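Asks: Okay, here's the structure, questions in a sec.
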Amino acid sequence: MLKTRPQAEAELAPHVKTMCAIVQGALEEYVRDYAQLRHKLSARSQSSIINDLMVFLSKERFAENPEVKVVKKRGSFLVNFASGYLIKLKKLDKNLRAANIPTQAVFDFNNQTQAKEPFQAELPGMPPAPTNLHVGYQLLGIALTSSKVWIVCPGAEEGWSWEITAETDGVVVPLDTTAQEKEKPTRTKRRFKPKAEPGPTDQGQSNDSAPKR
């Protein structure tokens, strides 16, 4: 049975800040380290690099947490929470849908196939099937670092979304603006030079300014 948003908010509360920091940290790191190459990379390459960074940061941040495991299944990295959630880290479109190559595995994940199979809960000793979620970033304009961060439960009928953009814990990779500052053009201030007062010998002196006798 799929978990509702209130259930997710309660059960994922200890991990929300970390998940938000992972996504935002990956975006910051991409902007910092790949700024000079962005014009050479396709949108697909950019998404792939950011995804790799999110996976790397997930492994790093959850390494000491026994309740969270980063696993690889059918060629995709998933964050597995003992509380009953299986998470894919993704780029999200304006409708909060994740871009995917349409495979049977993707179809099953997005349609919560395993959570809808009633025999899972009937098997003795088997835990309930996990609820599948996407955690990812939604672009706003062209600024990656201004992206919103969402937790999305895909599903035609039971789906829900939860924005966690503000749930950071101060561990986001800082943006290095040194290179950007060097590229900014320097402006030289023009100094005001006062105009010299015309003297009695100036040829350009007009009759109006000549001393009256």
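In the structure tokens, the first chain shown is A, the next is B, and so on; residue numbers restart at 1 for each chain, and ligands run from 1 in the order shown.
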Excluding same-chain residues fewer than 4 positions from region 144-151 of chain A, what lies within 8 Å of it counting only C-alpha atoms, as a list in words?
Replies: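 Near neighbours after the sequence-gap exclusion: Cys20, Val23, Gln24, Leu27, Glu28, Val31, Leu133, His134, Val135, Gly136, Tyr137, Gln138, Leu139, Leu140, Ser161, Trp162, Glu163, Ile164 and Thr165 of chain A.
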Asks: Taking only region 72-120 of chain A into account, list the residues labelled strand (DSSP E or B) by DSSP (computed from the backbone), as a PyMOL selection string.
Replies: chain A and resi 72-73+76-81+85-92+98
Asks: Selected residues, C-alpha atoms, written as a PDB file, in the first residue's frame, please.
Replies:
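Saved the output as out17.pdb:
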ATOM      1  CA  LYS A  72      22.295  -0.195  -7.649  1.00  0.00           C
ATOM      2  CA  LYS A  73      19.380  -2.009  -9.234  1.00  0.00           C
ATOM      3  CA  SER A  76      20.051   2.713 -11.626  1.00  0.00           C
ATOM      4  CA  PHE A  77      21.197   3.988  -8.247  1.00  0.00           C
ATOM      5  CA  LEU A  78      18.477   4.035  -5.597  1.00  0.00           C
ATOM      6  CA  VAL A  79      18.441   5.350  -2.044  1.00  0.00           C
ATOM      7  CA  ASN A  80      16.753   2.710   0.088  1.00  0.00           C
ATOM      8  CA  PHE A  81      15.232   3.835   3.404  1.00  0.00           C
ATOM      9  CA  TYR A  85      10.875   4.232   0.732  1.00  0.00           C
ATOM     10  CA  LEU A  86      12.882   3.688  -2.434  1.00  0.00           C
ATOM     11  CA  ILE A  87      14.169   6.927  -3.949  1.00  0.00           C
ATOM     12  CA  LYS A  88      15.505   7.882  -7.368  1.00  0.00           C
ATOM     13  CA  LEU A  89      17.433  11.152  -7.723  1.00  0.00           C
ATOM     14  CA  LYS A  90      16.170  12.964 -10.805  1.00  0.00           C
ATOM     15  CA  LYS A  91      15.756  16.144 -12.799  1.00  0.00           C
ATOM     16  CA  LEU A  92      12.067  17.133 -12.835  1.00  0.00           C
ATOM     17  CA  ALA A  98      11.141  12.719 -14.151  1.00  0.00           C
TER      18      ALA A  98
END
Asks: For Ser83 (chain A), list every protein, DNA or RNA residue within 10 Å, evaluated using only C-alpha atoms, and leave out those in the same chain fewer than 3 positions away; present the list as a list of chain:residue names.
Replies: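 The neighbour list is A:Ala8, A:Glu11, A:Leu12, A:Glu67, A:Val68, A:Asn80, A:Leu86, A:Pro130, A:Thr131.
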Asks: What gap, in Å, lies between CA of Ser58 (chain A) and CA of Val70 (chain A)?
Replies: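 Answer for the CA of Ser58 (chain A) to CA of Val70 (chain A) separation: 7.2 Å.
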Asks: Using only C-alpha atoms, which of the listed residues (A:Asn132, A:Leu2, A:Glu9, A:Val71) sits closest to Val55 (chain A)?
Replies: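 The answer is A:Val71, which sits nearest to Val55 (chain A).
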Asks: Could you check the closest approach to Arg44 (chain A) for each of A:Leu96, A:Ala10, A:Ile101, A:Met1 and tell me which residue wins, using only C-alpha atoms?
Replies: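 Using only C-alpha atoms, Arg44 (chain A) sits closest to A:Ile101.
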Asks: Take CA of Val152 (chain A) and CA of Thr103 (chain A) and report the distance between them in Å, one decimal.
Replies: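 Answer for the CA of Val152 (chain A) to CA of Thr103 (chain A) separation: 19.6 Å.
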Asks: What does the structure give for the distance between CA of Gly84 (chain A) and CA of Ala99 (chain A), in Å to one decimal?
Replies: 23.7 Å
Asks: Near Thr113 (chain A), counting only C-alpha atoms, which residues have an atom at most 10 Å away, once you skip same-chain residues fewer than 3 positions from it, shown as number ranges by chain?
Replies: A: 105, 107-110, 116-117, 129, 131-132, 155
Asks: If you keep N, CA and C atoms, can you produce a file of those selected residues as a PDB file, in the first residue's frame?
Replies:
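Saved the output as result_30.pdb:
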ATOM      1  N   ALA A 105      11.280  -1.377 -16.415  1.00  0.00           N
ATOM      2  CA  ALA A 105      11.669  -1.069 -15.034  1.00  0.00           C
ATOM      3  C   ALA A 105      11.196   0.322 -14.628  1.00  0.00           C
ATOM      4  N   PHE A 107       8.678   1.955 -16.004  1.00  0.00           N
ATOM      5  CA  PHE A 107       7.211   1.883 -15.939  1.00  0.00           C
ATOM      6  C   PHE A 107       6.765   1.303 -14.602  1.00  0.00           C
ATOM      7  N   ASP A 108       7.406   0.231 -14.172  1.00  0.00           N
ATOM      8  CA  ASP A 108       7.044  -0.408 -12.898  1.00  0.00           C
ATOM      9  C   ASP A 108       7.298   0.530 -11.722  1.00  0.00           C
ATOM     10  N   PHE A 109       8.433   1.245 -11.764  1.00  0.00           N
ATOM     11  CA  PHE A 109       8.768   2.163 -10.672  1.00  0.00           C
ATOM     12  C   PHE A 109       7.746   3.289 -10.595  1.00  0.00           C
ATOM     13  N   ASN A 110       7.453   3.921 -11.728  1.00  0.00           N
ATOM     14  CA  ASN A 110       6.551   5.069 -11.741  1.00  0.00           C
ATOM     15  C   ASN A 110       5.112   4.693 -11.415  1.00  0.00           C
ATOM     16  N   LYS A 116       1.549  -2.359  -5.291  1.00  0.00           N
ATOM     17  CA  LYS A 116       0.162  -2.704  -5.604  1.00  0.00           C
ATOM     18  C   LYS A 116      -0.048  -4.219  -5.697  1.00  0.00           C
ATOM     19  N   GLU A 117       0.991  -4.987  -5.417  1.00  0.00           N
ATOM     20  CA  GLU A 117       0.864  -6.440  -5.469  1.00  0.00           C
ATOM     21  C   GLU A 117       0.494  -6.957  -4.078  1.00  0.00           C
ATOM     22  N   ALA A 129       5.974  -3.795   0.700  1.00  0.00           N
ATOM     23  CA  ALA A 129       6.715  -3.244  -0.431  1.00  0.00           C
ATOM     24  C   ALA A 129       6.925  -1.744  -0.223  1.00  0.00           C
ATOM     25  N   THR A 131       7.406   2.335  -0.937  1.00  0.00           N
ATOM     26  CA  THR A 131       6.802   3.345  -1.797  1.00  0.00           C
ATOM     27  C   THR A 131       7.913   4.007  -2.589  1.00  0.00           C
ATOM     28  N   ASN A 132       7.747   4.089  -3.891  1.00  0.00           N
ATOM     29  CA  ASN A 132       8.759   4.689  -4.760  1.00  0.00           C
ATOM     30  C   ASN A 132       8.600   6.209  -4.802  1.00  0.00           C
ATOM     31  N   GLY A 155       2.546   8.257  -9.647  1.00  0.00           N
ATOM     32  CA  GLY A 155       1.378   7.376  -9.614  1.00  0.00           C
ATOM     33  C   GLY A 155       0.175   8.120 -10.145  1.00  0.00           C
TER      34      GLY A 155
END
